[in-house]
Amino acid sequence: MSNDAPIPATPWPRALLFDLDGTLVDSVPDIADAINTVLVAEGFAALKVDDVRKMIGNGIQKLVERAFDASGKPLAGDELTAMTARMMEVYGKGLTVATTPMPGALSAAAWLHRRGHRLAVVTNKPEAFSREIVEHFGLHEMFTVVVGGDTCATRKPDPEMLFHACRELGVAPEDAILVGDSPADVNAALAGGFPCIAVRGGYTNIAVEELGADCVIDSLDDLAEALARVPAPSPSA
């Protein structure tokens with residue numbers, strides 16, 4: 001990302017809230033390996049990685065529910081709770097084996113940090129897992145706030161996680177923008193009144209252009225140009 005890429009000559013956005021899976025990192029190889037370990041242990045065939053990719057976006061329990069449903073065994077209640085716990089145990093041992101940064105993620109984060117923007121990760125992945133991944137890629141000094149799926153009482157697409165991140169960063173919601181890749185991200189932004197940039201190549205079953213984001217980019221290499229095109233919210237009357 002160019003250090004002199006155009007950006008509005010105003011303090012806005014003071015903060016950027018980033019989704020993690022499919023936005024900052026491609027974690028699907030490790031997630032697929034974990035859910036397939038659980039499925040195979042239960043006597044089911046492993047799922048294709050591309051199929052698992054389509055199941056990501058609303059937390060680990062929803063992933064487990066979708067994976068077992070696709071395998072012909074719908075889960076609910078105690079069974080779903082038990083398999084989710086098993087998935088958490090397996091995945092927690094291999095969070096960064098094959099996970100890699102998304103294109104442009106590391107350079108974009110460094111560029112934003114140098115310019116003084118406050119950065120947070122807001123993800124439906126559990127907070128402890130998210131922090132381990134953020135630290136593994138050396139992002140913890142730039143992303144000073146990590147809000148996970150178990151940090152607040154609700155998860156995306158509910159916007160409370162976004163408001164919580166703003167409080168932790170010390171900025172007003174109108175001074176922040178969300179960067180994500182999925183319906184959960186964009187819907188949370190829309191529900192909370194946050195401008196949103198959607199990134200192609202993430203985890204969504206809906207065409208990214210149809211999610212309703214203010215701007216769509218090919219990768220985080222294009223983030224600076226996108227910030228120049230997304231207007232700040234109008235001041236409240």
# chains A, B, ... in the order shown; residues from 1 in each chain; ligands from 1
>>> closest_atom_pairs(of="stretch 145-236 of chain A", to="stretch 58-76 of chain A", cutoff="9 Å", atoms="only C-alpha atoms", output="JSON lines")
{"residue": "A:Gly149", "atom": "CA", "partner": "A:Gly59", "partner_atom": "CA", "distance": 6.8}
{"residue": "A:Arg155", "atom": "CA", "partner": "A:Asn58", "partner_atom": "CA", "distance": 7.8}
{"residue": "A:Lys156", "atom": "CA", "partner": "A:Asn58", "partner_atom": "CA", "distance": 7.2}
{"residue": "A:Pro157", "atom": "CA", "partner": "A:Asn58", "partner_atom": "CA", "distance": 8.2}
{"residue": "A:Ala184", "atom": "CA", "partner": "A:Asn58", "partner_atom": "CA", "distance": 6.9}
>>> write_last_selection(atoms="N, CA, C and O atoms", output="PDB file, in the first residue's frame")
ATOM      1  N   GLY A 149     -16.409 -13.214  19.612  1.00  0.00           N
ATOM      2  CA  GLY A 149     -17.806 -13.613  19.655  1.00  0.00           C
ATOM      3  C   GLY A 149     -18.335 -13.870  21.043  1.00  0.00           C
ATOM      4  O   GLY A 149     -19.551 -13.930  21.242  1.00  0.00           O
ATOM      5  N   ARG A 155     -23.579 -11.260  19.061  1.00  0.00           N
ATOM      6  CA  ARG A 155     -22.558 -11.280  18.011  1.00  0.00           C
ATOM      7  C   ARG A 155     -23.107 -10.623  16.757  1.00  0.00           C
ATOM      8  O   ARG A 155     -24.319 -10.426  16.616  1.00  0.00           O
ATOM      9  N   LYS A 156     -22.193 -10.296  15.830  1.00  0.00           N
ATOM     10  CA  LYS A 156     -22.634  -9.826  14.519  1.00  0.00           C
ATOM     11  C   LYS A 156     -23.590 -10.854  13.915  1.00  0.00           C
ATOM     12  O   LYS A 156     -23.356 -12.057  14.058  1.00  0.00           O
ATOM     13  N   PRO A 157     -24.683 -10.441  13.306  1.00  0.00           N
ATOM     14  CA  PRO A 157     -24.983  -9.110  12.774  1.00  0.00           C
ATOM     15  C   PRO A 157     -25.556  -8.100  13.759  1.00  0.00           C
ATOM     16  O   PRO A 157     -25.894  -6.990  13.351  1.00  0.00           O
ATOM     17  N   ALA A 184     -22.764 -11.005   7.762  1.00  0.00           N
ATOM     18  CA  ALA A 184     -22.781 -10.662   9.183  1.00  0.00           C
ATOM     19  C   ALA A 184     -22.079  -9.332   9.431  1.00  0.00           C
ATOM     20  O   ALA A 184     -22.541  -8.510  10.241  1.00  0.00           O
TER      21      ALA A 184
END
>>> select_by_dssp(residues="stretch 188-223 of chain A", states="helix (DSSP H, G or I)", output="list of chain:residue names")
A:Ala188, A:Ala189, A:Leu190, A:Ala191, A:Gly192, A:Val208, A:Glu209, A:Glu210, A:Leu220, A:Asp221, A:Asp222, A:Leu223
>>> closest_residue(among="A:Val90, A:Ala15, A:Leu223, A:Ile133", to="A:Ile35", atoms="only C-alpha atoms")
A:Val90
>>> residues_around(residues="A:Asp30", least_positions_apart="3", cutoff="10 Å", atoms="only C-alpha atoms", output="number ranges by chain")
A: 26-27, 33-36, 49, 90-100
>>> write_last_selection(atoms="all heavy atoms", output="CSV table (one decimal), in the first residue's frame")
chain,number,residue,atom,x,y,z
A,26,ASP,N,-6.9,-15.6,6.1
A,26,ASP,CA,-7.6,-16.8,5.5
A,26,ASP,C,-7.4,-17.9,6.4
A,26,ASP,O,-6.4,-18.6,6.4
A,26,ASP,CB,-7.0,-17.1,4.1
A,26,ASP,CG,-7.7,-18.2,3.4
A,26,ASP,OD1,-8.8,-18.7,4.0
A,26,ASP,OD2,-7.3,-18.6,2.4
A,27,SER,N,-8.4,-18.2,7.3
A,27,SER,CA,-8.3,-19.2,8.3
A,27,SER,C,-9.0,-20.5,7.9
A,27,SER,O,-9.0,-21.5,8.7
A,27,SER,CB,-8.9,-18.7,9.6
A,27,SER,OG,-10.2,-18.2,9.4
A,33,ASP,N,-9.8,-28.2,8.7
A,33,ASP,CA,-9.1,-29.4,9.3
A,33,ASP,C,-9.7,-29.8,10.6
A,33,ASP,O,-9.9,-30.9,10.9
A,33,ASP,CB,-7.6,-29.0,9.5
A,33,ASP,CG,-6.8,-30.2,10.0
A,33,ASP,OD1,-6.7,-31.2,9.3
A,33,ASP,OD2,-6.4,-30.2,11.2
A,34,ALA,N,-10.1,-28.7,11.4
A,34,ALA,CA,-10.7,-29.0,12.7
A,34,ALA,C,-12.1,-29.6,12.6
A,34,ALA,O,-12.4,-30.6,13.3
A,34,ALA,CB,-10.7,-27.7,13.6
A,35,ILE,N,-12.9,-29.0,11.8
A,35,ILE,CA,-14.3,-29.6,11.7
A,35,ILE,C,-14.3,-31.0,11.1
A,35,ILE,O,-15.0,-31.9,11.5
A,35,ILE,CB,-15.2,-28.6,11.0
A,35,ILE,CG1,-16.7,-29.1,11.1
A,35,ILE,CG2,-14.9,-28.5,9.5
A,35,ILE,CD1,-17.2,-29.2,12.5
A,36,ASN,N,-13.4,-31.2,10.2
A,36,ASN,CA,-13.3,-32.5,9.5
A,36,ASN,C,-12.7,-33.6,10.5
A,36,ASN,O,-13.1,-34.7,10.5
A,36,ASN,CB,-12.4,-32.5,8.3
A,36,ASN,CG,-13.2,-31.9,7.1
A,36,ASN,OD1,-14.4,-32.0,7.0
A,36,ASN,ND2,-12.5,-31.3,6.2
A,49,VAL,N,-12.9,-28.3,1.5
A,49,VAL,CA,-12.5,-27.0,2.1
A,49,VAL,C,-13.5,-25.9,1.6
A,49,VAL,O,-13.9,-25.0,2.3
A,49,VAL,CB,-11.1,-26.7,1.8
A,49,VAL,CG1,-10.7,-25.3,2.2
A,49,VAL,CG2,-10.2,-27.7,2.5
A,90,VAL,N,-10.4,-29.0,19.4
A,90,VAL,CA,-9.5,-29.4,18.3
A,90,VAL,C,-9.0,-28.2,17.6
A,90,VAL,O,-7.8,-28.1,17.4
A,90,VAL,CB,-10.3,-30.3,17.3
A,90,VAL,CG1,-9.5,-30.5,16.0
A,90,VAL,CG2,-10.8,-31.6,17.9
A,91,TYR,N,-9.8,-27.2,17.3
A,91,TYR,CA,-9.4,-26.0,16.6
A,91,TYR,C,-8.4,-25.2,17.4
A,91,TYR,O,-7.4,-24.6,16.9
A,91,TYR,CB,-10.6,-25.2,16.2
A,91,TYR,CG,-10.3,-23.9,15.4
A,91,TYR,CD1,-9.3,-24.0,14.4
A,91,TYR,CD2,-10.9,-22.7,15.7
A,91,TYR,CE1,-9.0,-22.8,13.6
A,91,TYR,CE2,-10.6,-21.6,15.0
A,91,TYR,CZ,-9.7,-21.6,14.0
A,91,TYR,OH,-9.4,-20.5,13.3
A,92,GLY,N,-8.6,-25.2,18.7
A,92,GLY,CA,-7.7,-24.4,19.6
A,92,GLY,C,-6.3,-24.9,19.6
A,92,GLY,O,-5.4,-24.1,20.0
A,93,LYS,N,-6.1,-26.1,19.2
A,93,LYS,CA,-4.7,-26.6,19.1
A,93,LYS,C,-4.0,-26.4,17.8
A,93,LYS,O,-2.9,-26.7,17.6
A,93,LYS,CB,-4.8,-28.2,19.4
A,93,LYS,CG,-5.3,-28.5,20.8
A,93,LYS,CD,-5.4,-30.0,20.9
A,93,LYS,CE,-5.9,-30.4,22.3
A,93,LYS,NZ,-6.1,-31.9,22.4
A,94,GLY,N,-4.8,-25.8,16.8
A,94,GLY,CA,-4.2,-25.6,15.5
A,94,GLY,C,-4.7,-24.3,14.8
A,94,GLY,O,-5.1,-24.3,13.7
A,95,LEU,N,-4.6,-23.2,15.5
A,95,LEU,CA,-5.2,-22.0,15.0
A,95,LEU,C,-4.4,-21.3,13.9
A,95,LEU,O,-4.9,-20.6,13.1
A,95,LEU,CB,-5.3,-21.0,16.2
A,95,LEU,CG,-6.3,-21.3,17.3
A,95,LEU,CD1,-6.1,-20.3,18.5
A,95,LEU,CD2,-7.7,-21.2,16.8
A,96,THR,N,-3.1,-21.6,13.9
A,96,THR,CA,-2.2,-20.9,13.0
A,96,THR,C,-1.3,-21.8,12.2
A,96,THR,O,-0.3,-21.5,11.7
A,96,THR,CB,-1.3,-19.9,13.7
A,96,THR,OG1,-0.6,-20.5,14.7
A,96,THR,CG2,-2.2,-18.8,14.4
A,97,VAL,N,-1.7,-23.1,12.0
A,97,VAL,CA,-0.9,-24.0,11.3
A,97,VAL,C,-0.9,-23.7,9.8
A,97,VAL,O,0.2,-23.6,9.2
A,97,VAL,CB,-1.5,-25.5,11.4
A,97,VAL,CG1,-0.7,-26.5,10.6
A,97,VAL,CG2,-1.4,-25.9,12.9
A,98,ALA,N,-2.0,-23.5,9.2
A,98,ALA,CA,-2.1,-23.1,7.7
A,98,ALA,C,-2.8,-21.8,7.5
A,98,ALA,O,-3.0,-21.5,6.3
A,98,ALA,CB,-2.8,-24.3,7.0
A,99,THR,N,-3.2,-21.1,8.5
A,99,THR,CA,-3.8,-19.8,8.3
A,99,THR,C,-2.8,-18.8,7.8
A,99,THR,O,-1.6,-18.8,8.3
A,99,THR,CB,-4.4,-19.3,9.7
A,99,THR,OG1,-5.5,-20.2,10.0
A,99,THR,CG2,-4.9,-17.9,9.6
A,100,THR,N,-3.2,-17.9,6.9
A,100,THR,CA,-2.3,-16.9,6.3
A,100,THR,C,-3.0,-15.6,6.3
A,100,THR,O,-4.2,-15.5,6.3
A,100,THR,CB,-1.9,-17.3,4.9
A,100,THR,OG1,-3.0,-17.5,4.1
A,100,THR,CG2,-1.0,-18.6,4.9
>>> closest_residue(among="A:Ala198, A:Val216, A:Leu24, A:Ala41", to="A:Gly104", atoms="only C-alpha atoms")
A:Leu24
>>> select_by_dssp(residues="stretch 104-151 of chain A", states="strand (DSSP E or B)", output="PyMOL selection string")
chain A and resi 118-122+143-147
>>> closest_residue(among="A:Glu141, A:Glu225, A:Glu89, A:Glu79", to="A:Glu42", atoms="only C-alpha atoms")
A:Glu79
>>> closest_residue(among="A:Val147, A:Ile31, A:Met142, A:Ala224", to="A:Ser130", atoms="only C-alpha atoms")
A:Val147
>>> closest_residue(among="A:Leu169, A:Met161, A:Val122, A:Val230", to="A:Val146", atoms="only C-alpha atoms")
A:Val122
>>> residues_around(residues="A:Val179", least_positions_apart="2", cutoff="8 Å", atoms="only C-alpha atoms", output="list in words")
Leu16, Leu17, Phe18, Asp19, Thr23, Ile177, Asp181, Asp185, Cys196, Ile197, Ala198 and Val199 of chain A
>>> closest_residue(among="A:Gly170, A:Gly212, A:Gly201, A:Gly192", to="A:Arg14", atoms="only C-alpha atoms")
A:Gly170
>>> atom_distance(atom1="atom CA of A:Thr123", atom2="atom CA of A:Asp21")
7.5 Å
>>> residues_around(residues="A:Ala172", least_positions_apart="3", cutoff="12 Å", atoms="only C-alpha atoms", output="CSV table (one decimal) with C-alpha atoms, in the first residue's frame")
chain,number,residue,atom,x,y,z
A,12,TRP,CA,-12.2,10.7,9.9
A,13,PRO,CA,-12.2,7.8,10.2
A,14,ARG,CA,-10.4,7.9,13.5
A,15,ALA,CA,-10.9,4.2,13.9
A,16,LEU,CA,-11.3,1.2,11.6
A,118,ARG,CA,-7.1,3.4,15.9
A,162,LEU,CA,-19.0,-2.6,17.0
A,163,PHE,CA,-20.2,-0.1,19.7
A,164,HIS,CA,-18.1,-2.0,22.3
A,165,ALA,CA,-15.0,-1.7,20.1
A,166,CYS,CA,-15.6,2.0,19.8
A,167,ARG,CA,-15.8,2.4,23.5
A,168,GLU,CA,-12.6,0.4,24.0
A,169,LEU,CA,-10.9,2.5,21.4
A,175,ASP,CA,-15.8,8.3,13.9
A,176,ALA,CA,-15.4,4.6,12.9
A,177,ILE,CA,-15.8,2.5,9.8
A,193,GLY,CA,-25.2,3.1,11.3
A,194,PHE,CA,-21.5,2.5,10.5
A,233,PRO,CA,-21.5,10.4,8.2
A,235,PRO,CA,-23.2,15.4,11.7
>>> decode(residues="stretch 12-44 of chain A", atoms="N, CA and C atoms", output="PDB file, in the first residue's frame")
ATOM      1  N   TRP A  12     -11.354  11.872  10.140  1.00  0.00           N
ATOM      2  CA  TRP A  12     -12.213  10.696   9.947  1.00  0.00           C
ATOM      3  C   TRP A  12     -11.655   9.788   8.855  1.00  0.00           C
ATOM      4  N   PRO A  13     -11.709   8.475   9.014  1.00  0.00           N
ATOM      5  CA  PRO A  13     -12.177   7.795  10.225  1.00  0.00           C
ATOM      6  C   PRO A  13     -11.074   7.697  11.267  1.00  0.00           C
ATOM      7  N   ARG A  14     -11.392   8.074  12.485  1.00  0.00           N
ATOM      8  CA  ARG A  14     -10.389   7.941  13.542  1.00  0.00           C
ATOM      9  C   ARG A  14     -10.099   6.471  13.831  1.00  0.00           C
ATOM     10  N   ALA A  15     -11.097   5.619  13.573  1.00  0.00           N
ATOM     11  CA  ALA A  15     -10.929   4.201  13.885  1.00  0.00           C
ATOM     12  C   ALA A  15     -11.452   3.334  12.755  1.00  0.00           C
ATOM     13  N   LEU A  16     -10.824   2.174  12.580  1.00  0.00           N
ATOM     14  CA  LEU A  16     -11.299   1.174  11.636  1.00  0.00           C
ATOM     15  C   LEU A  16     -11.471  -0.144  12.384  1.00  0.00           C
ATOM     16  N   LEU A  17     -12.640  -0.744  12.195  1.00  0.00           N
ATOM     17  CA  LEU A  17     -12.983  -2.006  12.837  1.00  0.00           C
ATOM     18  C   LEU A  17     -12.937  -3.097  11.774  1.00  0.00           C
ATOM     19  N   PHE A  18     -12.073  -4.069  11.960  1.00  0.00           N
ATOM     20  CA  PHE A  18     -11.862  -5.117  10.955  1.00  0.00           C
ATOM     21  C   PHE A  18     -12.424  -6.455  11.434  1.00  0.00           C
ATOM     22  N   ASP A  19     -13.138  -7.125  10.530  1.00  0.00           N
ATOM     23  CA  ASP A  19     -13.427  -8.528  10.748  1.00  0.00           C
ATOM     24  C   ASP A  19     -12.105  -9.283  10.647  1.00  0.00           C
ATOM     25  N   LEU A  20     -12.081 -10.518  11.154  1.00  0.00           N
ATOM     26  CA  LEU A  20     -10.846 -11.304  11.129  1.00  0.00           C
ATOM     27  C   LEU A  20     -10.855 -12.344  10.004  1.00  0.00           C
ATOM     28  N   ASP A  21     -11.705 -13.364  10.122  1.00  0.00           N
ATOM     29  CA  ASP A  21     -11.728 -14.459   9.145  1.00  0.00           C
ATOM     30  C   ASP A  21     -12.270 -13.990   7.796  1.00  0.00           C
ATOM     31  N   GLY A  22     -11.453 -14.137   6.771  1.00  0.00           N
ATOM     32  CA  GLY A  22     -11.870 -13.735   5.436  1.00  0.00           C
ATOM     33  C   GLY A  22     -11.591 -12.285   5.124  1.00  0.00           C
ATOM     34  N   THR A  23     -11.194 -11.517   6.129  1.00  0.00           N
ATOM     35  CA  THR A  23     -10.864 -10.104   5.922  1.00  0.00           C
ATOM     36  C   THR A  23      -9.380  -9.865   6.196  1.00  0.00           C
ATOM     37  N   LEU A  24      -8.939 -10.167   7.402  1.00  0.00           N
ATOM     38  CA  LEU A  24      -7.523 -10.022   7.738  1.00  0.00           C
ATOM     39  C   LEU A  24      -6.738 -11.306   7.507  1.00  0.00           C
ATOM     40  N   VAL A  25      -7.376 -12.454   7.759  1.00  0.00           N
ATOM     41  CA  VAL A  25      -6.672 -13.725   7.576  1.00  0.00           C
ATOM     42  C   VAL A  25      -7.554 -14.719   6.840  1.00  0.00           C
ATOM     43  N   ASP A  26      -6.895 -15.624   6.120  1.00  0.00           N
ATOM     44  CA  ASP A  26      -7.583 -16.755   5.502  1.00  0.00           C
ATOM     45  C   ASP A  26      -7.386 -17.939   6.438  1.00  0.00           C
ATOM     46  N   SER A  27      -8.369 -18.173   7.273  1.00  0.00           N
ATOM     47  CA  SER A  27      -8.273 -19.210   8.304  1.00  0.00           C
ATOM     48  C   SER A  27      -8.975 -20.494   7.910  1.00  0.00           C
ATOM     49  N   VAL A  28      -9.573 -20.534   6.722  1.00  0.00           N
ATOM     50  CA  VAL A  28     -10.385 -21.694   6.368  1.00  0.00           C
ATOM     51  C   VAL A  28      -9.607 -23.011   6.353  1.00  0.00           C
ATOM     52  N   PRO A  29      -8.313 -23.048   5.984  1.00  0.00           N
ATOM     53  CA  PRO A  29      -7.626 -24.350   6.028  1.00  0.00           C
ATOM     54  C   PRO A  29      -7.603 -24.967   7.422  1.00  0.00           C
ATOM     55  N   ASP A  30      -7.326 -24.156   8.445  1.00  0.00           N
ATOM     56  CA  ASP A  30      -7.286 -24.687   9.802  1.00  0.00           C
ATOM     57  C   ASP A  30      -8.683 -24.989  10.334  1.00  0.00           C
ATOM     58  N   ILE A  31      -9.664 -24.160   9.983  1.00  0.00           N
ATOM     59  CA  ILE A  31     -11.035 -24.411  10.414  1.00  0.00           C
ATOM     60  C   ILE A  31     -11.554 -25.700   9.780  1.00  0.00           C
ATOM     61  N   ALA A  32     -11.291 -25.876   8.493  1.00  0.00           N
ATOM     62  CA  ALA A  32     -11.735 -27.084   7.798  1.00  0.00           C
ATOM     63  C   ALA A  32     -11.079 -28.323   8.387  1.00  0.00           C
ATOM     64  N   ASP A  33      -9.791 -28.228   8.701  1.00  0.00           N
ATOM     65  CA  ASP A  33      -9.103 -29.370   9.282  1.00  0.00           C
ATOM     66  C   ASP A  33      -9.728 -29.755  10.619  1.00  0.00           C
ATOM     67  N   ALA A  34     -10.092 -28.743  11.427  1.00  0.00           N
ATOM     68  CA  ALA A  34     -10.664 -29.015  12.744  1.00  0.00           C
ATOM     69  C   ALA A  34     -12.055 -29.629  12.641  1.00  0.00           C
ATOM     70  N   ILE A  35     -12.929 -29.049  11.823  1.00  0.00           N
ATOM     71  CA  ILE A  35     -14.282 -29.596  11.736  1.00  0.00           C
ATOM     72  C   ILE A  35     -14.263 -30.976  11.089  1.00  0.00           C
ATOM     73  N   ASN A  36     -13.356 -31.199  10.155  1.00  0.00           N
ATOM     74  CA  ASN A  36     -13.264 -32.522   9.541  1.00  0.00           C
ATOM     75  C   ASN A  36     -12.731 -33.566  10.520  1.00  0.00           C
ATOM     76  N   THR A  37     -11.853 -33.169  11.413  1.00  0.00           N
ATOM     77  CA  THR A  37     -11.389 -34.076  12.461  1.00  0.00           C
ATOM     78  C   THR A  37     -12.558 -34.523  13.325  1.00  0.00           C
ATOM     79  N   VAL A  38     -13.426 -33.581  13.663  1.00  0.00           N
ATOM     80  CA  VAL A  38     -14.599 -33.895  14.479  1.00  0.00           C
ATOM     81  C   VAL A  38     -15.564 -34.786  13.708  1.00  0.00           C
ATOM     82  N   LEU A  39     -15.827 -34.439  12.457  1.00  0.00           N
ATOM     83  CA  LEU A  39     -16.764 -35.224  11.654  1.00  0.00           C
ATOM     84  C   LEU A  39     -16.284 -36.658  11.456  1.00  0.00           C
ATOM     85  N   VAL A  40     -15.027 -36.816  11.097  1.00  0.00           N
ATOM     86  CA  VAL A  40     -14.482 -38.149  10.844  1.00  0.00           C
ATOM     87  C   VAL A  40     -14.527 -38.996  12.119  1.00  0.00           C
ATOM     88  N   ALA A  41     -14.254 -38.380  13.264  1.00  0.00           N
ATOM     89  CA  ALA A  41     -14.315 -39.109  14.529  1.00  0.00           C
ATOM     90  C   ALA A  41     -15.728 -39.588  14.836  1.00  0.00           C
ATOM     91  N   GLU A  42     -16.718 -38.891  14.272  1.00  0.00           N
ATOM     92  CA  GLU A  42     -18.122 -39.268  14.463  1.00  0.00           C
ATOM     93  C   GLU A  42     -18.630 -40.184  13.354  1.00  0.00           C
ATOM     94  N   GLY A  43     -17.741 -40.588  12.453  1.00  0.00           N
ATOM     95  CA  GLY A  43     -18.115 -41.531  11.416  1.00  0.00           C
ATOM     96  C   GLY A  43     -18.601 -40.923  10.116  1.00  0.00           C
ATOM     97  N   PHE A  44     -18.383 -39.632   9.934  1.00  0.00           N
ATOM     98  CA  PHE A  44     -18.824 -38.961   8.717  1.00  0.00           C
ATOM     99  C   PHE A  44     -17.633 -38.664   7.809  1.00  0.00           C
TER     100      PHE A  44
END
